[in-house]
Amino acid sequence: MPRINSPAELEALRKSILSEKDPDKPCIAICAGTNCLALGNQAVIQAFKAELAQQELTDKVDIRATGCHGLCERGPNVLIYPEEIYYIEVKPEDVAEIISETVLGKKVVDRLLYTDPLTGEKAVHQTDIPFYKKQTRMIINTNTLIDPQKIEDYLSIGGYTALSKALFEMTPESILNEIKTANLRGRGGGGFPAGLKWETARNAPGEQKYVIVNGHEGEPGAFMDRAIFTGNPHNVIEGLIIGAFAVGASQGFIYTRHDMPQLKENIYTALAQAEEYGLLGDNILGSGFNFHVEVHFDVGIFVSGESSA
């Protein structure tokens with residue numbers, strides 16, 4: 001991986017990655033989120049790989065194991081690009097038909113489409129499903145475009161450009177004002193204003209500051225960093241670095257569970273990739289800002305009091 005030493009090099013790399021992507025090449029995006037994992041998505045993924053190999057299509061059709069698609073109760077979910085045909089409750093025995101009919105034949109398999117229980121209408125595309133129609137998804141809206149273990153996918157959709165802007169076009173104070181103006185709040189029950197929390201940390205006495213990502217949250221109804229890590233880990237890491245720059249921290253910690261191998265693998269892979277590209281560690285993007293991250297598992301007392309953190 002080439003080390004990125006400036007915003008110009010970051011943009012040049014993004015354009016290079018995009019130039020190598022064929023927008024017309026078929027891609028099968030299979031949800032690999034926690035819920036689809038419990039519903040058997042690994043068997044579906046393996047079935048797709050085996051069928052493509054059998055038909056000698058491995059180099060002609062991409063497979064992308066992605067983060068959560070959102071409609072967890074109807075998983076495993078599969079999205080076929082470039083037509084963006086959306087299938088629900090896919091099983092291994094459906095795979096051969098999907099490849100022959102949809103990927104190759106450009107036809108829709110009606111029985112795998114979502115059916116509105118009130119109207120009986122079938123939804124060909126994800127956006128046609130009532131569950132999605134009134135949503136403006138800000139956190140997992142790019143999950144279907146990203147393999148969480150490939151930083152290039154994140155860079156191709158503009159990843160780390162916000163970090164570049166923060167480091168080269170803004171001051172810590174202007175970042176804090178931006179966060180406060182945006183009225184970002186915590187995703188827990190308190191909904192505490194993020195800008196106020198960051199500002200309090202920056203103004204706290206003492207030179208050494210720390211930022212902590214709580215990737216352990218498991219309370220019902222919570223959707224926080226733990227869930228984002230499984231689908232878009234670089235999104236969390238980029239935000240972590242921006243937050244560190246804003247509060248004046250040079251050291252960060254990610255705290256998560258030891259019993260989630262998928263989560264651990266995504267975190268470690270993303271951190272290693274970010275460091276190799278020069279987006280994490282010493283002299284990030286050639287800015288002179290240094291920031292390092294450690295990962296810890298099941299040390300609940302470590303972050304039990306977020307106010308003190």
# chains A, B, ... in the order shown; residues from 1 in each chain; ligands from 1
call {"tool": "residues_around", "arguments": {"residues": "Leu37 in chain A", "least_positions_apart": "4", "cutoff": "12 Å", "atoms": "only C-alpha atoms", "output": "list in words"}}
result
Ile30, Cys31, Ala32, Gly33, Asn41, Gln42, Ala43, Val44, Ile45, Ala65, Thr66, Gly67, Cys68, Cys72, Glu73, Gly75, Pro76, Asn77, Thr230, Met260 and Gln262 of chain A
call {"tool": "residues_around", "arguments": {"residues": "Ile88 in chain A", "least_positions_apart": "6", "cutoff": "12 Å", "atoms": "only C-alpha atoms", "output": "PyMOL selection string"}}
result
chain A and resi 30-31+36+39+41+44+69-80+94+98+109-115+122-126+129
call {"tool": "write_last_selection", "arguments": {"atoms": "C-alpha atoms", "output": "PDB file, in the first residue's frame"}}
result
ATOM      1  CA  ILE A  30     -24.559 -10.241   0.597  1.00  0.00           C
ATOM      2  CA  CYS A  31     -25.420  -8.980   4.061  1.00  0.00           C
ATOM      3  CA  CYS A  36     -27.915 -12.283   8.842  1.00  0.00           C
ATOM      4  CA  LEU A  39     -29.781 -16.587   9.881  1.00  0.00           C
ATOM      5  CA  ASN A  41     -25.568 -16.029   5.587  1.00  0.00           C
ATOM      6  CA  VAL A  44     -25.256 -18.444   1.293  1.00  0.00           C
ATOM      7  CA  HIS A  69     -28.602  -3.850   5.079  1.00  0.00           C
ATOM      8  CA  GLY A  70     -31.211  -2.855   7.649  1.00  0.00           C
ATOM      9  CA  LEU A  71     -34.078  -5.284   7.065  1.00  0.00           C
ATOM     10  CA  CYS A  72     -32.738  -7.769   9.597  1.00  0.00           C
ATOM     11  CA  GLU A  73     -35.941  -9.769  10.120  1.00  0.00           C
ATOM     12  CA  ARG A  74     -35.995 -10.814   6.457  1.00  0.00           C
ATOM     13  CA  GLY A  75     -32.375 -11.866   6.067  1.00  0.00           C
ATOM     14  CA  PRO A  76     -30.151 -13.091   4.645  1.00  0.00           C
ATOM     15  CA  ASN A  77     -30.486 -10.171   2.219  1.00  0.00           C
ATOM     16  CA  VAL A  78     -28.811 -10.039  -1.188  1.00  0.00           C
ATOM     17  CA  LEU A  79     -28.457  -7.007  -3.464  1.00  0.00           C
ATOM     18  CA  ILE A  80     -27.538  -7.548  -7.126  1.00  0.00           C
ATOM     19  CA  ASP A  94     -31.679 -20.232  -4.280  1.00  0.00           C
ATOM     20  CA  ILE A  98     -30.170 -16.137  -8.850  1.00  0.00           C
ATOM     21  CA  VAL A 109     -36.898 -14.051  -9.411  1.00  0.00           C
ATOM     22  CA  ASP A 110     -40.320 -13.000  -8.113  1.00  0.00           C
ATOM     23  CA  ARG A 111     -40.496 -15.445  -5.234  1.00  0.00           C
ATOM     24  CA  LEU A 112     -37.417 -13.885  -3.598  1.00  0.00           C
ATOM     25  CA  LEU A 113     -38.763 -10.338  -3.668  1.00  0.00           C
ATOM     26  CA  TYR A 114     -40.280  -8.563  -0.692  1.00  0.00           C
ATOM     27  CA  THR A 115     -44.098  -8.725  -0.769  1.00  0.00           C
ATOM     28  CA  LYS A 122     -43.698  -6.926  -4.804  1.00  0.00           C
ATOM     29  CA  ALA A 123     -40.655  -4.667  -4.425  1.00  0.00           C
ATOM     30  CA  VAL A 124     -37.870  -5.164  -6.946  1.00  0.00           C
ATOM     31  CA  HIS A 125     -35.540  -2.590  -5.416  1.00  0.00           C
ATOM     32  CA  GLN A 126     -34.606  -1.931  -1.813  1.00  0.00           C
ATOM     33  CA  ILE A 129     -39.844  -1.600   0.315  1.00  0.00           C
TER      34      ILE A 129
END
call {"tool": "closest_atom_pairs", "arguments": {"of": "range 136-183 of chain A", "to": "range 203-213 of chain A", "cutoff": "12 Å", "atoms": "only C-alpha atoms", "output": "tab-separated table"}}
result
residue	atom	partner	partner_atom	distance
A:Pro172	CA	A:Asn203	CA	11.5
A:Glu173	CA	A:Asn203	CA	10.8
A:Leu176	CA	A:Asn203	CA	11.5
call {"tool": "closest_residue", "arguments": {"among": "A:Leu10, A:Lys15, A:Ile85, A:Asn235", "to": "Glu101 in chain A", "atoms": "only C-alpha atoms"}}
result
A:Ile85
call {"tool": "closest_atom_pairs", "arguments": {"of": "range 66-183 of chain A", "to": "range 284-295 of chain A", "cutoff": "9 Å", "atoms": "only C-alpha atoms", "output": "Markdown table"}}
result
| residue | atom | partner | partner_atom | distance |
| --- | --- | --- | --- | --- |
| A:Ser164 | CA | A:Leu285 | CA | 7.4 |
| A:Leu167 | CA | A:Ser287 | CA | 6.7 |
| A:Phe168 | CA | A:Ser287 | CA | 7.2 |
call {"tool": "write_last_selection", "arguments": {"atoms": "C-alpha atoms", "output": "tab-separated table (two decimals), in the first residue's frame"}}
result
chain	number	residue	atom	x	y	z
A	164	SER	CA	-8.30	15.59	5.41
A	167	LEU	CA	-6.60	18.49	9.52
A	168	PHE	CA	-5.85	20.97	6.74
call {"tool": "atom_distance", "arguments": {"atom1": "CA of Phe229 in chain A", "atom2": "CA of Glu265 in chain A"}}
result
9.9 Å
call {"tool": "select_by_dssp", "arguments": {"residues": "range 196-308 of chain A", "states": "strand (DSSP E)", "output": "count of residues only"}}
result
18
call {"tool": "residues_around", "arguments": {"residues": "Ile241 in chain A", "least_positions_apart": "5", "cutoff": "9 Å", "atoms": "only C-alpha atoms", "output": "PyMOL selection string"}}
result
chain A and resi 163+211+236+246+249+252+279-280+291-292
call {"tool": "closest_residue", "arguments": {"among": "A:Ile175, A:Ile140, A:Ile99, A:Ala38", "to": "Trp198 in chain A", "atoms": "only C-alpha atoms"}}
result
A:Ile175
call {"tool": "residues_around", "arguments": {"residues": "Asp24 in chain A", "least_positions_apart": "5", "cutoff": "12 Å", "atoms": "only C-alpha atoms", "output": "PDB file with N, CA and C atoms, in the first residue's frame"}}
result
ATOM      1  N   LYS A  60     -15.606 -12.799 -13.437  1.00  0.00           N
ATOM      2  CA  LYS A  60     -16.567 -11.947 -14.148  1.00  0.00           C
ATOM      3  C   LYS A  60     -17.633 -11.367 -13.240  1.00  0.00           C
ATOM      4  N   VAL A  61     -17.769 -11.919 -12.031  1.00  0.00           N
ATOM      5  CA  VAL A  61     -18.791 -11.456 -11.091  1.00  0.00           C
ATOM      6  C   VAL A  61     -18.137 -11.270  -9.722  1.00  0.00           C
ATOM      7  N   ASP A  62     -18.318 -10.102  -9.138  1.00  0.00           N
ATOM      8  CA  ASP A  62     -17.767  -9.838  -7.815  1.00  0.00           C
ATOM      9  C   ASP A  62     -18.745 -10.281  -6.725  1.00  0.00           C
ATOM     10  N   ILE A  80     -28.242  -7.268  -5.877  1.00  0.00           N
ATOM     11  CA  ILE A  80     -27.538  -7.548  -7.126  1.00  0.00           C
ATOM     12  C   ILE A  80     -27.289  -6.246  -7.875  1.00  0.00           C
ATOM     13  N   TYR A  81     -26.012  -5.910  -8.055  1.00  0.00           N
ATOM     14  CA  TYR A  81     -25.633  -4.730  -8.855  1.00  0.00           C
ATOM     15  C   TYR A  81     -25.280  -5.164 -10.268  1.00  0.00           C
ATOM     16  N   PRO A  82     -25.423  -4.296 -11.296  1.00  0.00           N
ATOM     17  CA  PRO A  82     -25.771  -2.878 -11.188  1.00  0.00           C
ATOM     18  C   PRO A  82     -27.274  -2.588 -11.194  1.00  0.00           C
ATOM     19  N   GLU A  83     -28.102  -3.609 -11.369  1.00  0.00           N
ATOM     20  CA  GLU A  83     -29.552  -3.354 -11.447  1.00  0.00           C
ATOM     21  C   GLU A  83     -30.166  -3.032 -10.085  1.00  0.00           C
ATOM     22  N   GLU A  84     -29.446  -3.351  -9.009  1.00  0.00           N
ATOM     23  CA  GLU A  84     -29.893  -3.125  -7.629  1.00  0.00           C
ATOM     24  C   GLU A  84     -31.185  -3.879  -7.318  1.00  0.00           C
ATOM     25  N   VAL A 103     -28.240 -12.639 -12.497  1.00  0.00           N
ATOM     26  CA  VAL A 103     -26.900 -12.169 -12.846  1.00  0.00           C
ATOM     27  C   VAL A 103     -26.630 -12.325 -14.340  1.00  0.00           C
TER      28      VAL A 103
END
call {"tool": "select_by_dssp", "arguments": {"residues": "range 18-180 of chain A", "states": "alpha helix (DSSP H)", "output": "PyMOL selection string"}}
result
chain A and resi 18-19+34-38+41-54+95-97+130-133+151-156+161-169+172-180
call {"tool": "write_last_selection", "arguments": {"atoms": "N, CA and C atoms", "output": "compact mmCIF listing (two decimals), in the first residue's frame"}}
result
# COMPACT_ATOMS: atom_id res chain seq x y z
N LEU A 18 -11.21 4.37 -8.33
CA LEU A 18 -12.45 4.45 -9.11
C LEU A 18 -12.21 4.09 -10.57
N SER A 19 -11.06 4.46 -11.09
CA SER A 19 -10.77 4.20 -12.51
C SER A 19 -10.65 2.71 -12.79
N THR A 34 -24.64 -9.00 11.82
CA THR A 34 -24.82 -9.95 12.91
C THR A 34 -26.10 -10.77 12.76
N ASN A 35 -27.20 -10.12 12.41
CA ASN A 35 -28.47 -10.84 12.31
C ASN A 35 -28.49 -11.80 11.14
N CYS A 36 -27.97 -11.37 9.99
CA CYS A 36 -27.92 -12.28 8.84
C CYS A 36 -26.94 -13.42 9.09
N LEU A 37 -25.91 -13.15 9.89
CA LEU A 37 -24.99 -14.21 10.27
C LEU A 37 -25.73 -15.29 11.05
N ALA A 38 -26.61 -14.86 11.96
CA ALA A 38 -27.39 -15.81 12.75
C ALA A 38 -28.40 -16.57 11.89
N ASN A 41 -26.12 -16.68 6.77
CA ASN A 41 -25.57 -16.03 5.59
C ASN A 41 -24.25 -16.66 5.12
N GLN A 42 -23.48 -17.27 6.04
CA GLN A 42 -22.22 -17.87 5.62
C GLN A 42 -22.43 -19.00 4.62
N ALA A 43 -23.48 -19.76 4.82
CA ALA A 43 -23.78 -20.83 3.87
C ALA A 43 -24.18 -20.24 2.51
N VAL A 44 -24.86 -19.11 2.54
CA VAL A 44 -25.26 -18.44 1.29
C VAL A 44 -24.02 -17.91 0.57
N ILE A 45 -23.13 -17.29 1.31
CA ILE A 45 -21.90 -16.75 0.71
C ILE A 45 -21.09 -17.87 0.06
N GLN A 46 -20.93 -18.97 0.77
CA GLN A 46 -20.16 -20.10 0.24
C GLN A 46 -20.84 -20.70 -0.99
N ALA A 47 -22.17 -20.72 -0.98
CA ALA A 47 -22.90 -21.25 -2.13
C ALA A 47 -22.68 -20.39 -3.37
N PHE A 48 -22.67 -19.07 -3.19
CA PHE A 48 -22.42 -18.17 -4.31
C PHE A 48 -21.01 -18.38 -4.86
N LYS A 49 -20.03 -18.49 -3.98
CA LYS A 49 -18.65 -18.68 -4.43
C LYS A 49 -18.50 -20.00 -5.19
N ALA A 50 -19.13 -21.05 -4.67
CA ALA A 50 -19.03 -22.36 -5.31
C ALA A 50 -19.70 -22.36 -6.68
N GLU A 51 -20.88 -21.74 -6.75
CA GLU A 51 -21.62 -21.72 -8.02
C GLU A 51 -20.89 -20.89 -9.07
N LEU A 52 -20.34 -19.76 -8.67
CA LEU A 52 -19.58 -18.94 -9.62
C LEU A 52 -18.35 -19.69 -10.12
N ALA A 53 -17.68 -20.40 -9.22
CA ALA A 53 -16.51 -21.18 -9.63
C ALA A 53 -16.90 -22.30 -10.59
N GLN A 54 -18.02 -22.94 -10.31
CA GLN A 54 -18.47 -24.04 -11.16
C GLN A 54 -18.81 -23.55 -12.56
N VAL A 95 -29.33 -19.99 -4.79
CA VAL A 95 -28.17 -19.34 -5.40
C VAL A 95 -28.06 -19.62 -6.90
N ALA A 96 -28.17 -20.87 -7.30
CA ALA A 96 -28.02 -21.21 -8.72
C ALA A 96 -29.04 -20.46 -9.58
N GLU A 97 -30.26 -20.35 -9.07
CA GLU A 97 -31.30 -19.64 -9.83
C GLU A 97 -31.01 -18.15 -9.91
N PRO A 130 -41.53 -0.65 1.83
CA PRO A 130 -42.04 0.38 2.76
C PRO A 130 -41.11 0.65 3.93
N PHE A 131 -40.42 -0.37 4.42
CA PHE A 131 -39.50 -0.20 5.54
C PHE A 131 -38.45 0.87 5.26
N TYR A 132 -38.03 0.99 3.99
CA TYR A 132 -36.97 1.93 3.63
C TYR A 132 -37.50 3.28 3.12
N LYS A 133 -38.73 3.32 2.64
CA LYS A 133 -39.21 4.47 1.88
C LYS A 133 -39.10 5.80 2.62
N ILE A 151 -10.17 -1.33 2.65
CA ILE A 151 -10.13 0.12 2.81
C ILE A 151 -10.36 0.83 1.47
N GLU A 152 -10.00 0.16 0.38
CA GLU A 152 -10.17 0.77 -0.94
C GLU A 152 -11.64 1.07 -1.23
N ASP A 153 -12.54 0.19 -0.76
CA ASP A 153 -13.97 0.44 -0.95
C ASP A 153 -14.39 1.72 -0.24
N TYR A 154 -13.87 1.92 0.97
CA TYR A 154 -14.21 3.12 1.74
C TYR A 154 -13.61 4.37 1.10
N LEU A 155 -12.38 4.27 0.63
CA LEU A 155 -11.74 5.41 -0.03
C LEU A 155 -12.49 5.78 -1.31
N SER A 156 -13.02 4.79 -2.02
CA SER A 156 -13.68 5.06 -3.30
C SER A 156 -14.95 5.88 -3.14
N THR A 161 -11.85 11.80 3.46
CA THR A 161 -11.80 13.19 2.99
C THR A 161 -12.25 14.16 4.09
N ALA A 162 -13.14 13.70 4.97
CA ALA A 162 -13.53 14.55 6.11
C ALA A 162 -12.34 14.76 7.04
N LEU A 163 -11.55 13.70 7.25
CA LEU A 163 -10.35 13.83 8.07
C LEU A 163 -9.37 14.81 7.43
N SER A 164 -9.20 14.68 6.13
CA SER A 164 -8.30 15.59 5.41
C SER A 164 -8.75 17.04 5.59
N LYS A 165 -10.05 17.28 5.47
CA LYS A 165 -10.57 18.63 5.64
C LYS A 165 -10.34 19.13 7.06
N ALA A 166 -10.57 18.26 8.04
CA ALA A 166 -10.40 18.65 9.44
C ALA A 166 -8.96 19.03 9.73
N LEU A 167 -8.01 18.27 9.21
CA LEU A 167 -6.60 18.49 9.52
C LEU A 167 -6.01 19.68 8.79
N PHE A 168 -6.49 19.96 7.57
CA PHE A 168 -5.85 20.97 6.74
C PHE A 168 -6.67 22.24 6.52
N GLU A 169 -7.98 22.17 6.79
CA GLU A 169 -8.81 23.33 6.51
C GLU A 169 -9.54 23.87 7.74
N PRO A 172 -9.19 22.95 15.67
CA PRO A 172 -9.98 22.20 16.64
C PRO A 172 -11.24 22.95 17.09
N GLU A 173 -11.12 24.25 17.25
CA GLU A 173 -12.27 25.05 17.67
C GLU A 173 -13.37 25.07 16.62
N SER A 174 -12.99 25.18 15.35
CA SER A 174 -14.01 25.20 14.30
C SER A 174 -14.68 23.84 14.15
N ILE A 175 -13.93 22.76 14.43
CA ILE A 175 -14.52 21.42 14.40
C ILE A 175 -15.56 21.30 15.50
N LEU A 176 -15.22 21.76 16.70
CA LEU A 176 -16.17 21.71 17.82
C LEU A 176 -17.43 22.51 17.49
N ASN A 177 -17.26 23.67 16.88
CA ASN A 177 -18.43 24.48 16.50
C ASN A 177 -19.29 23.76 15.47
N GLU A 178 -18.62 23.07 14.54
CA GLU A 178 -19.34 22.32 13.51
C GLU A 178 -20.18 21.21 14.14
N ILE A 179 -19.58 20.48 15.09
CA ILE A 179 -20.28 19.38 15.75
C ILE A 179 -21.46 19.91 16.57
N LYS A 180 -21.26 21.04 17.24
CA LYS A 180 -22.35 21.62 18.03
C LYS A 180 -23.47 22.14 17.12
call {"tool": "residues_around", "arguments": {"residues": "Leu145 in chain A", "least_positions_apart": "2", "cutoff": "9 Å", "atoms": "only C-alpha atoms", "output": "list in words"}}
result
Ala29, Arg64, Thr66, Asn141, Thr142, Asn143, Asp147, Asp153, Tyr154 and Ile157 of chain A
call {"tool": "closest_residue", "arguments": {"among": "A:Gly120, A:Gly231, A:Pro2, A:Gly105", "to": "Pro148 in chain A", "atoms": "only C-alpha atoms"}}
result
A:Gly231
call {"tool": "decode", "arguments": {"residues": "range 32-57 of chain A", "atoms": "N, CA and C atoms", "output": "compact mmCIF listing (two decimals), in the first residue's frame"}}
result
# COMPACT_ATOMS: atom_id res chain seq x y z
N ALA A 32 -23.63 -9.44 5.63
CA ALA A 32 -22.87 -10.25 6.58
C ALA A 32 -22.94 -9.64 7.97
N GLY A 33 -24.03 -8.90 8.23
CA GLY A 33 -24.24 -8.33 9.54
C GLY A 33 -24.58 -9.40 10.56
N THR A 34 -24.64 -9.00 11.82
CA THR A 34 -24.82 -9.95 12.91
C THR A 34 -26.10 -10.77 12.76
N ASN A 35 -27.20 -10.12 12.41
CA ASN A 35 -28.47 -10.84 12.31
C ASN A 35 -28.49 -11.80 11.14
N CYS A 36 -27.97 -11.37 9.99
CA CYS A 36 -27.92 -12.28 8.84
C CYS A 36 -26.94 -13.42 9.09
N LEU A 37 -25.91 -13.15 9.89
CA LEU A 37 -24.99 -14.21 10.27
C LEU A 37 -25.73 -15.29 11.05
N ALA A 38 -26.61 -14.86 11.96
CA ALA A 38 -27.39 -15.81 12.75
C ALA A 38 -28.40 -16.57 11.89
N LEU A 39 -28.79 -15.97 10.76
CA LEU A 39 -29.78 -16.59 9.88
C LEU A 39 -29.15 -17.44 8.78
N GLY A 40 -27.84 -17.62 8.84
CA GLY A 40 -27.20 -18.55 7.90
C GLY A 40 -26.56 -17.93 6.69
N ASN A 41 -26.12 -16.68 6.77
CA ASN A 41 -25.57 -16.03 5.59
C ASN A 41 -24.25 -16.66 5.12
N GLN A 42 -23.48 -17.27 6.04
CA GLN A 42 -22.22 -17.87 5.62
C GLN A 42 -22.43 -19.00 4.62
N ALA A 43 -23.48 -19.76 4.82
CA ALA A 43 -23.78 -20.83 3.87
C ALA A 43 -24.18 -20.24 2.51
N VAL A 44 -24.86 -19.11 2.54
CA VAL A 44 -25.26 -18.44 1.29
C VAL A 44 -24.02 -17.91 0.57
N ILE A 45 -23.13 -17.29 1.31
CA ILE A 45 -21.90 -16.75 0.71
C ILE A 45 -21.09 -17.87 0.06
N GLN A 46 -20.93 -18.97 0.77
CA GLN A 46 -20.16 -20.10 0.24
C GLN A 46 -20.84 -20.70 -0.99
N ALA A 47 -22.17 -20.72 -0.98
CA ALA A 47 -22.90 -21.25 -2.13
C ALA A 47 -22.68 -20.39 -3.37
N PHE A 48 -22.67 -19.07 -3.19
CA PHE A 48 -22.42 -18.17 -4.31
C PHE A 48 -21.01 -18.38 -4.86
N LYS A 49 -20.03 -18.49 -3.98
CA LYS A 49 -18.65 -18.68 -4.43
C LYS A 49 -18.50 -20.00 -5.19
N ALA A 50 -19.13 -21.05 -4.67
CA ALA A 50 -19.03 -22.36 -5.31
C ALA A 50 -19.70 -22.36 -6.68
N GLU A 51 -20.88 -21.74 -6.75
CA GLU A 51 -21.62 -21.72 -8.02
C GLU A 51 -20.89 -20.89 -9.07
N LEU A 52 -20.34 -19.76 -8.67
CA LEU A 52 -19.58 -18.94 -9.62
C LEU A 52 -18.35 -19.69 -10.12
N ALA A 53 -17.68 -20.40 -9.22
CA ALA A 53 -16.51 -21.18 -9.63
C ALA A 53 -16.90 -22.30 -10.59
N GLN A 54 -18.02 -22.94 -10.31
CA GLN A 54 -18.47 -24.04 -11.16
C GLN A 54 -18.81 -23.55 -12.56
N GLN A 55 -19.37 -22.35 -12.65
CA GLN A 55 -19.73 -21.80 -13.96
C GLN A 55 -18.61 -20.95 -14.57
N GLU A 56 -17.42 -20.97 -13.92
CA GLU A 56 -16.25 -20.21 -14.39
C GLU A 56 -16.57 -18.73 -14.52
N LEU A 57 -17.22 -18.20 -13.51
CA LEU A 57 -17.62 -16.79 -13.48
C LEU A 57 -16.92 -16.01 -12.38
